[in-house]
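One file, coords39.txt, is given below (compact mmCIF, C-alpha atoms).
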# COMPACT_ATOMS: atom_id res chain seq x y z
CA MET A 1 0.00 0.00 0.00
CA LYS A 2 2.88 2.35 0.89
CA LYS A 3 4.53 1.72 -2.49
CA PHE A 4 1.20 2.35 -4.24
CA LEU A 5 0.76 5.74 -2.47
CA THR A 6 4.33 6.66 -3.34
CA TYR A 7 3.62 5.82 -6.98
CA ILE A 8 0.44 7.96 -6.99
CA ILE A 9 2.33 10.91 -5.47
CA PHE A 10 5.08 10.49 -8.07
CA LEU A 11 2.50 10.54 -10.89
CA TYR A 12 0.84 13.67 -9.44
CA ILE A 13 4.15 15.51 -9.16
CA SER A 14 5.14 14.44 -12.68
CA PHE A 15 1.77 15.58 -14.05
CA SER A 16 1.98 18.94 -12.23
CA TYR A 17 5.50 19.48 -13.54
CA ALA A 18 4.41 18.65 -17.08
CA GLN A 19 1.61 21.20 -16.82
CA SER A 20 3.83 23.94 -15.44
CA SER A 21 6.65 23.24 -17.90
CA ARG A 22 4.58 24.28 -20.93
CA THR A 23 6.33 27.10 -22.79
CA VAL A 24 4.28 29.93 -24.35
CA THR A 25 5.93 32.50 -26.61
CA ILE A 26 4.43 35.99 -26.67
CA GLY A 27 5.11 38.45 -29.49
CA VAL A 28 4.60 42.21 -29.26
CA LEU A 29 3.64 44.62 -32.07
CA SER A 30 3.92 48.37 -31.49
CA ASP A 31 3.78 51.51 -33.62
CA SER A 32 6.81 53.25 -32.15
CA ALA A 33 8.81 53.44 -28.93
CA LEU A 34 7.56 56.04 -26.49
CA GLN A 35 9.77 57.71 -23.93
CA GLY A 36 9.95 55.37 -20.93
CA GLU A 37 8.46 52.42 -22.83
CA GLU A 38 11.15 50.05 -21.54
CA LEU A 39 9.89 50.56 -17.99
CA LEU A 40 6.27 50.05 -19.04
CA ALA A 41 7.23 46.88 -20.93
CA GLU A 42 8.93 45.55 -17.81
CA GLN A 43 5.84 46.35 -15.71
CA LEU A 44 3.55 44.62 -18.22
CA GLU A 45 5.77 41.54 -18.41
CA LYS A 46 5.93 41.37 -14.61
CA GLU A 47 2.13 41.61 -14.36
CA VAL A 48 1.59 38.86 -16.94
CA ARG A 49 4.12 36.55 -15.30
CA GLY A 50 2.57 37.19 -11.89
CA VAL A 51 -0.94 36.28 -13.07
CA VAL A 52 0.07 33.24 -15.16
CA GLY A 53 2.39 31.96 -12.44
CA ALA A 54 3.42 28.31 -12.75
CA GLN A 55 0.80 27.52 -15.40
CA ALA A 56 3.36 28.16 -18.14
CA THR A 57 6.89 29.30 -18.82
CA LEU A 58 6.59 32.58 -20.74
CA ILE A 59 8.99 33.83 -23.37
CA PHE A 60 8.51 37.47 -24.43
CA LYS A 61 9.95 38.35 -27.82
CA PRO A 62 11.39 41.86 -28.34
CA ALA A 63 8.76 44.31 -29.60
CA LEU A 64 8.53 44.86 -33.36
CA TYR A 65 7.96 48.52 -34.39
CA ASN A 66 6.32 49.67 -37.61
CA ASP A 67 7.32 53.38 -37.42
CA PHE A 68 3.73 54.24 -38.42
CA GLN A 69 4.02 52.42 -41.76
CA ILE A 70 1.20 49.99 -42.42
CA ASP A 71 3.27 47.85 -44.84
CA LYS A 72 5.93 47.40 -42.16
CA ALA A 73 3.21 46.61 -39.64
CA LYS A 74 1.98 43.81 -41.91
CA THR A 75 5.53 42.46 -42.34
CA ASN A 76 6.04 42.43 -38.57
CA TYR A 77 2.72 40.66 -38.07
CA GLN A 78 3.49 38.01 -40.69
CA SER A 79 6.87 37.31 -39.08
CA LEU A 80 5.09 36.48 -35.81
CA ILE A 81 2.42 34.41 -37.55
CA SER A 82 5.02 32.32 -39.39
CA GLY A 83 7.15 31.77 -36.27
CA ASN A 84 6.57 29.99 -32.98
CA THR A 85 4.61 32.85 -31.37
CA GLU A 86 1.38 31.65 -29.73
CA ILE A 87 -0.03 34.93 -28.39
CA ILE A 88 0.36 38.38 -29.97
CA LEU A 89 -0.04 41.64 -28.06
CA SER A 90 -0.75 44.46 -30.52
CA PHE A 91 -0.41 48.12 -29.51
CA GLY A 92 -1.07 51.29 -31.50
CA ILE A 93 -3.34 52.70 -34.16
CA VAL A 94 -1.41 51.56 -37.24
CA ASN A 95 -1.30 47.95 -36.02
CA HIS A 96 -5.01 48.20 -35.21
CA LEU A 97 -5.79 49.32 -38.76
CA MET A 98 -3.49 46.69 -40.28
CA LEU A 99 -5.23 43.92 -38.36
CA LYS A 100 -8.65 45.16 -39.50
CA GLN A 101 -7.54 44.38 -43.07
CA GLU A 102 -6.94 40.71 -42.23
CA SER A 103 -9.70 38.20 -42.95
CA ASN A 104 -8.67 35.58 -40.39
CA TYR A 105 -6.34 35.25 -37.42
CA PRO A 106 -4.35 32.00 -37.07
CA LYS A 107 -2.80 33.02 -33.72
CA SER A 108 -4.39 34.43 -30.56
CA ILE A 109 -4.27 38.25 -30.63
CA ILE A 110 -4.99 40.84 -27.95
CA VAL A 111 -5.45 44.28 -29.54
CA VAL A 112 -4.75 47.28 -27.32
CA GLY A 113 -5.52 50.18 -29.64
CA ASN A 114 -5.24 53.92 -29.05
CA ILE A 115 -8.38 54.59 -31.04
CA THR A 116 -11.16 56.29 -29.12
CA ALA A 117 -14.81 55.30 -28.99
CA GLU A 118 -15.48 57.50 -32.05
CA PHE A 119 -13.32 55.33 -34.32
CA THR A 120 -13.82 51.76 -33.15
CA SER A 121 -15.95 49.39 -35.21
CA LEU A 122 -17.39 47.77 -32.09
CA GLN A 123 -20.87 48.69 -30.97
CA LYS A 124 -21.31 50.05 -27.45
CA SER A 125 -23.52 47.09 -26.53
CA GLN A 126 -20.97 44.54 -27.80
CA LYS A 127 -19.41 42.51 -24.97
CA THR A 128 -16.97 40.33 -26.95
CA SER A 129 -15.32 40.59 -30.36
CA GLY A 130 -16.99 37.46 -31.74
CA ILE A 131 -13.99 37.10 -34.08
CA ASN A 132 -12.05 33.84 -33.88
CA ASN A 133 -8.70 34.26 -32.08
CA LEU A 134 -9.11 38.04 -31.66
CA THR A 135 -10.00 40.21 -28.69
CA TYR A 136 -9.90 43.98 -28.08
CA LEU A 137 -9.53 46.19 -25.06
CA VAL A 138 -11.91 49.11 -25.52
CA THR A 139 -11.80 52.12 -23.19
CA PRO A 140 -14.32 54.92 -22.60
CA ILE A 141 -11.83 57.55 -23.86
CA SER A 142 -13.64 60.03 -26.11
CA TYR A 143 -12.43 63.10 -28.02
CA LYS A 144 -15.94 64.52 -27.85
CA GLU A 145 -16.15 64.21 -24.06
CA ASP A 146 -12.65 65.67 -23.67
CA LEU A 147 -13.57 68.69 -25.78
CA ASP A 148 -16.88 69.15 -23.96
CA THR A 149 -15.06 69.08 -20.63
CA PHE A 150 -12.32 71.42 -21.82
CA SER A 151 -14.77 73.95 -23.25
CA SER A 152 -16.71 73.99 -19.97
CA LEU A 153 -13.46 74.87 -18.18
CA ASN A 154 -12.22 77.24 -20.85
CA PRO A 155 -14.74 78.59 -23.42
CA PHE A 156 -12.24 78.77 -26.30
CA LYS A 157 -12.89 80.39 -29.67
CA ASN A 158 -10.15 78.83 -31.81
CA ILE A 159 -8.52 75.67 -30.49
CA GLY A 160 -5.43 73.98 -31.90
CA ILE A 161 -5.65 70.17 -32.01
CA VAL A 162 -2.25 68.47 -32.05
CA VAL A 163 -2.17 65.08 -33.78
CA ASP A 164 0.65 62.77 -34.82
CA GLU A 165 1.55 63.48 -38.43
CA TYR A 166 0.52 60.02 -39.68
CA LEU A 167 -2.90 59.99 -38.00
CA PRO A 168 -5.05 61.93 -40.53
CA ARG A 169 -3.90 59.47 -43.21
CA GLN A 170 -5.05 56.50 -41.15
CA ILE A 171 -8.37 57.51 -39.57
CA PRO A 172 -10.87 60.29 -40.46
CA VAL A 173 -9.95 62.67 -37.64
CA LYS A 174 -10.49 65.79 -39.76
CA GLU A 175 -13.98 64.67 -40.72
CA PHE A 176 -14.78 63.97 -37.08
CA PHE A 177 -13.63 67.40 -35.87
CA ASP A 178 -15.33 69.12 -38.84
CA ASN A 179 -18.63 67.55 -37.77
CA TYR A 180 -18.06 68.31 -34.08
CA PHE A 181 -17.26 71.99 -34.60
CA ALA A 182 -20.02 72.47 -37.20
CA GLN A 183 -22.37 72.39 -34.21
CA LYS A 184 -20.28 74.74 -32.06
CA LYS A 185 -19.57 78.44 -32.03
CA ALA A 186 -15.84 77.74 -31.77
CA SER A 187 -13.44 76.78 -34.58
CA TYR A 188 -10.34 74.60 -34.70
CA GLN A 189 -7.13 74.08 -36.61
CA LEU A 190 -5.44 70.71 -36.99
CA ILE A 191 -1.72 70.68 -36.10
CA PRO A 192 -0.05 67.49 -37.42
CA VAL A 193 3.47 66.99 -36.04
CA LYS A 194 6.26 64.41 -36.17
CA ASN A 195 8.01 65.80 -33.11
CA PRO A 196 6.66 67.70 -30.08
CA THR A 197 8.97 70.68 -30.75
CA GLU A 198 7.11 71.30 -34.04
CA VAL A 199 4.16 72.49 -31.96
CA ILE A 200 6.14 75.51 -30.73
CA SER A 201 6.02 77.37 -34.07
CA GLN A 202 2.27 76.78 -34.53
CA LEU A 203 0.81 78.44 -31.45
CA ASP A 204 -0.11 81.82 -32.94
CA GLY A 205 -3.81 82.62 -33.32
CA ILE A 206 -5.14 79.92 -30.99
CA ASP A 207 -6.53 80.36 -27.49
CA ALA A 208 -6.48 76.69 -26.38
CA LEU A 209 -4.61 73.49 -27.23
CA TYR A 210 -5.91 69.92 -27.23
CA LEU A 211 -3.20 67.25 -27.50
CA ILE A 212 -4.16 63.85 -28.88
CA GLY A 213 -0.64 63.37 -30.24
CA GLY A 214 2.78 64.95 -30.28
CA PHE A 215 4.18 62.87 -27.43
CA TYR A 216 6.71 60.87 -29.46
CA GLY A 217 9.88 62.57 -28.33
CA THR A 218 12.49 62.80 -25.61
CA ASP A 219 11.82 64.27 -22.18
CA SER A 220 13.77 67.35 -23.25
CA GLU A 221 11.61 67.84 -26.37
CA LEU A 222 8.38 67.39 -24.42
CA LYS A 223 9.60 69.87 -21.81
CA SER A 224 10.41 72.43 -24.53
CA MET A 225 6.91 72.05 -26.01
CA ILE A 226 5.15 72.39 -22.65
CA THR A 227 7.31 75.38 -21.66
CA ALA A 228 6.45 77.19 -24.90
CA ILE A 229 2.72 76.49 -24.48
CA ASN A 230 2.68 77.84 -20.94
CA GLN A 231 4.85 80.86 -21.74
CA LYS A 232 2.19 81.88 -24.26
CA LYS A 233 -0.43 81.36 -21.52
CA ILE A 234 -2.39 78.90 -23.66
CA PRO A 235 -4.64 76.50 -21.69
CA SER A 236 -3.83 72.91 -22.70
CA PHE A 237 -5.62 69.57 -22.36
CA SER A 238 -4.19 66.07 -22.88
CA SER A 239 -6.21 63.08 -24.05
CA PHE A 240 -3.28 60.77 -23.47
CA ARG A 241 -2.39 60.37 -19.80
CA ARG A 242 -2.55 62.00 -16.40
CA GLN A 243 1.27 62.10 -16.29
CA ASP A 244 1.19 64.87 -18.92
CA VAL A 245 -0.48 67.09 -16.32
CA GLU A 246 2.31 66.24 -13.89
CA LYS A 247 4.76 67.45 -16.56
CA GLY A 248 3.01 70.82 -16.96
CA ILE A 249 -0.01 70.37 -19.27
CA LEU A 250 -2.96 72.17 -17.68
CA ALA A 251 -5.55 69.37 -17.56
CA SER A 252 -6.61 65.85 -18.53
CA ASN A 253 -9.60 63.55 -18.05
CA GLN A 254 -7.44 60.43 -17.72
CA PRO A 255 -7.36 58.74 -14.32
CA GLU A 256 -4.11 57.74 -12.67
CA THR A 257 -4.79 54.02 -12.61
CA ASN A 258 -5.78 53.22 -16.20
CA ILE A 259 -2.32 51.83 -17.15
CA GLN A 260 -2.48 49.35 -14.28
CA GLN A 261 -6.00 48.35 -15.33
CA PHE A 262 -4.78 47.69 -18.87
CA PHE A 263 -1.88 45.59 -17.65
CA ARG A 264 -4.08 43.50 -15.36
CA ARG A 265 -6.65 42.88 -18.10
CA ILE A 266 -3.93 41.93 -20.60
CA ALA A 267 -2.48 39.52 -18.02
CA LEU A 268 -5.89 37.96 -17.28
CA ASN A 269 -6.55 37.57 -21.01
CA VAL A 270 -3.19 35.85 -21.52
CA GLU A 271 -4.00 33.48 -18.66
CA SER A 272 -7.44 32.70 -20.12
CA ILE A 273 -5.96 31.98 -23.55
CA ILE A 274 -3.32 29.68 -22.04
CA ASN A 275 -6.12 27.84 -20.25
CA GLY A 276 -7.98 27.26 -23.51
CA THR A 277 -10.38 30.20 -23.89
CA ASN A 278 -10.81 31.47 -27.44
CA PRO A 279 -10.08 35.24 -27.49
CA LYS A 280 -13.39 35.81 -29.31
CA ASP A 281 -15.18 35.00 -26.05
CA LEU A 282 -13.20 37.36 -23.79
CA PRO A 283 -14.81 40.63 -22.58
CA VAL A 284 -13.66 43.68 -24.53
CA ASN A 285 -14.65 46.63 -22.35
CA ILE A 286 -12.52 48.28 -19.69
CA SER A 287 -14.60 50.51 -17.47
CA TYR A 288 -13.24 53.48 -15.58
CA GLU A 289 -14.60 56.90 -14.84
CA PRO A 290 -12.90 60.01 -16.22
CA GLU A 291 -11.12 62.02 -13.53
CA LEU A 292 -10.45 65.66 -14.29
CA THR A 293 -6.98 66.65 -13.08
CA ILE A 294 -5.54 70.19 -13.19
CA ASN A 295 -1.95 71.30 -12.62
CA TYR A 296 -2.30 74.09 -10.06
CA GLY A 297 1.15 75.53 -10.81
CA THR A 298 0.39 75.70 -14.53
CA ALA A 299 -2.97 77.33 -13.85
CA LYS A 300 -1.27 80.08 -11.82
CA GLN A 301 1.48 80.52 -14.42
CA ILE A 302 -0.93 81.05 -17.33
CA ASP A 303 -3.45 83.05 -15.25
CA PHE A 304 -6.12 80.39 -15.69
CA PRO A 305 -9.15 81.15 -13.49
CA LEU A 306 -9.75 78.56 -10.76
CA ARG A 307 -13.22 78.46 -9.21
CA TYR A 308 -14.09 77.35 -5.68
CA SER A 309 -16.67 74.99 -7.18
CA MET A 310 -13.79 72.97 -8.65
CA LEU A 311 -12.49 71.92 -5.23
CA GLY A 312 -14.90 68.99 -4.86
CA GLU A 313 -14.81 67.95 -8.51
CA VAL A 314 -11.19 68.25 -9.66
CA ASN A 315 -7.93 66.56 -8.69
CA PHE A 316 -5.22 69.19 -8.28
CA ILE A 317 -1.50 68.57 -8.78
Represent the structure contained in this file as structure tokens.
Amino acid sequence: MKKFLTYIIFLYISFSYAQSSRTVTIGVLSDSALQGEELLAEQLEKEVRGVVGAQATLIFKPALYNDFQIDKAKTNYQSLISGNTEIILSFGIVNHLMLKQESNYPKSIIVVGNITAEFTSLQKSQKTSGINNLTYLVTPISYKEDLDTFSSLNPFKNIGIVVDEYLPRQIPVKEFFDNYFAQKKASYQLIPVKNPTEVISQLDGIDALYLIGGFYGTDSELKSMITAINQKKIPSFSSFRRQDVEKGILASNQPETNIQQFFRRIALNVESIINGTNPKDLPVNISYEPELTINYGTAKQIDFPLRYSMLGEVNFI
């Protein structure tokens, strides 16, 4: 009997080891490297490894960048499809648009796009992608809601909207803003840039600045852009991240914790896929409430009026 129990324990340990020794290779697609991306990549990898635990041995391939070229994005994608990659994490607008052109997906893909609610093909009521081997992470970020919030803070007359130079070629941002401002008393001008310092020479004639791009640069370049904006006393609003407010942008609707939420959801999705769930059945929505944050120092520097009513509604840095 003792020998039999020993044999059973040996089989259990061997089976557990066989399960935990499975190797899963994860590939990463990205549009371009952002300042500080190495740290974010480390945080994401740590989160995924922590959630998956001993269920599998994970191998993360180095990220493949497309430099905002859709043909290069397709080449990068095909290299992962033809290799030993089992799960693909796809970041960025160009990769999002490239994947929309594909008719089927032979590998499991988690799409983390930077496209707002106005430009996603998913319906608001849709809970899963329904597409074999493909899942999205959709956030409540909205250009319309950002602009509505910004105009309630600062009733601008002519706002500059900074976008990455490639963006108007990829999604109909101009058409969207044309339609939005057709119903407003204010006007706008689109400011496409490759580098944040290009914003500096295009600040004349505007009384507000909305940044949905222009963040692909070094810390020094971003600092130069923000310094120039504030020296001209132009109220600014970022759609991108709360950290931009910490760096000197006046305001943003983005909460502090949304990066951590993304990482946790990506990790949980990876775990589900490893355990046999088809990505088409994974939930696509990430829910978080906008949190208006204002840089108090910037507000004082640009003579931006702060109201007592803001105290209970706004996070101040």
- By how many Å are atom CA of Pro290 of chain A and atom CA of Ile302 of chain A apart? 24.2 Å
- With distances taken over only C-alpha atoms, which of A:Thr149, A:Ile159, A:Asn195, A:Ile317 is nearest to Arg242 of chain A?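 Of all the options, A:Ile317 lies closest to Arg242 of chain A.
Note that the spacing between atom CA of Phe316 of chain A and atom CA of Ile226 of chain A amounts to 18.0 Å.
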Using all atoms listed in the file, what does the table of segment 256-283 of chain A residues within 10 Å of segment 132-144 of chain A look like, with each row giving the shortest atom pair and its distance in Å to one decimal, sorted by chain and ascending number, as a tab-separated table?
residue	atom	partner	partner_atom	distance
A:Asn258	CA	A:Thr139	CA	9.3
A:Phe262	CA	A:Leu137	CA	7.9
A:Arg265	CA	A:Leu137	CA	8.2
A:Ile266	CA	A:Leu137	CA	8.3
A:Asn269	CA	A:Thr135	CA	8.8
A:Ile273	CA	A:Asn133	CA	9.2
A:Thr277	CA	A:Asn133	CA	9.3
A:Asn278	CA	A:Asn133	CA	5.8
A:Pro279	CA	A:Asn133	CA	4.9
A:Lys280	CA	A:Asn132	CA	5.2
A:Asp281	CA	A:Thr135	CA	7.8
A:Leu282	CA	A:Thr135	CA	6.5
A:Pro283	CA	A:Thr135	CA	7.8
Any chance you could export the current selection's C-alpha atoms as an mmCIF file, keeping the file's coordinate frame?
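New file selection_23.cif:
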data_model
loop_
_atom_site.group_PDB
_atom_site.id
_atom_site.type_symbol
_atom_site.label_atom_id
_atom_site.label_comp_id
_atom_site.auth_asym_id
_atom_site.auth_seq_id
_atom_site.Cartn_x
_atom_site.Cartn_y
_atom_site.Cartn_z
ATOM 1 C CA ASN A 258 -5.780 53.220 -16.200
ATOM 2 C CA PHE A 262 -4.780 47.690 -18.870
ATOM 3 C CA ARG A 265 -6.650 42.880 -18.100
ATOM 4 C CA ILE A 266 -3.930 41.930 -20.600
ATOM 5 C CA ASN A 269 -6.550 37.570 -21.010
ATOM 6 C CA ILE A 273 -5.960 31.980 -23.550
ATOM 7 C CA THR A 277 -10.380 30.200 -23.890
ATOM 8 C CA ASN A 278 -10.810 31.470 -27.440
ATOM 9 C CA PRO A 279 -10.080 35.240 -27.490
ATOM 10 C CA LYS A 280 -13.390 35.810 -29.310
ATOM 11 C CA ASP A 281 -15.180 35.000 -26.050
ATOM 12 C CA LEU A 282 -13.200 37.360 -23.790
ATOM 13 C CA PRO A 283 -14.810 40.630 -22.580
#
- Query: To one decimal place, how far is atom CA of Phe176 of chain A from atom CA of Asp204 of chain A in Å?
  - Reply: 23.5 Å
- Item | Contacts of Ser152 of chain A at 12 Å (all atoms listed in the file; same-chain gap of 5+ positions) as a list in words |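 Residues meeting the cut-off are Glu145, Asp146, Leu147, Leu292 and Met310 of chain A.
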- Message: Given only C-alpha atoms as the basis, pick out the residue of A:Phe60, A:Phe237, A:Tyr77, A:Tyr296 nearest to Leu153 of chain A.
- Response: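 With only C-alpha atoms as the atom set, the closest residue is A:Phe237.
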Edge lengths and centre, in Å to one decimal, as JSON: that's what I need for the box along x, y and z that holds all listed atoms of segment 138-142 of chain A plus 8 Å on each side.
{"center_x": -13.1, "center_y": 54.6, "center_z": -24.4, "size_x": 18.5, "size_y": 26.9, "size_z": 19.5}
Please report as JSON lines every residue of segment 47-136 of chain A lying within 12 Å of segment 177-194 of chain A, along with the nearest atom pair and their distance in Å (one decimal), using all atoms listed in the file.
{"residue": "A:Asp67", "atom": "CA", "partner": "A:Lys194", "partner_atom": "CA", "distance": 11.2}
{"residue": "A:Phe68", "atom": "CA", "partner": "A:Lys194", "partner_atom": "CA", "distance": 10.7}
{"residue": "A:Glu118", "atom": "CA", "partner": "A:Phe177", "partner_atom": "CA", "distance": 10.8}
- Looking at all atoms listed in the file, which of A:Lys233, A:Arg264, A:Lys61, A:Lys247 is the one that sits closest to Phe304 of chain A?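 Of A:Lys233, A:Arg264, A:Lys61, A:Lys247, the one nearest Phe304 of chain A, counting all atoms listed in the file, is A:Lys233.
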- Message: What's around segment 211-216 of chain A at 7 Å? Count only C-alpha atoms, leave out sequence neighbours fewer than 5 positions away in its own chain, and write the answer as an NGL selection string.
- Response: :A and (34 or 161-164 or 193-196 or 222 or 237-240)
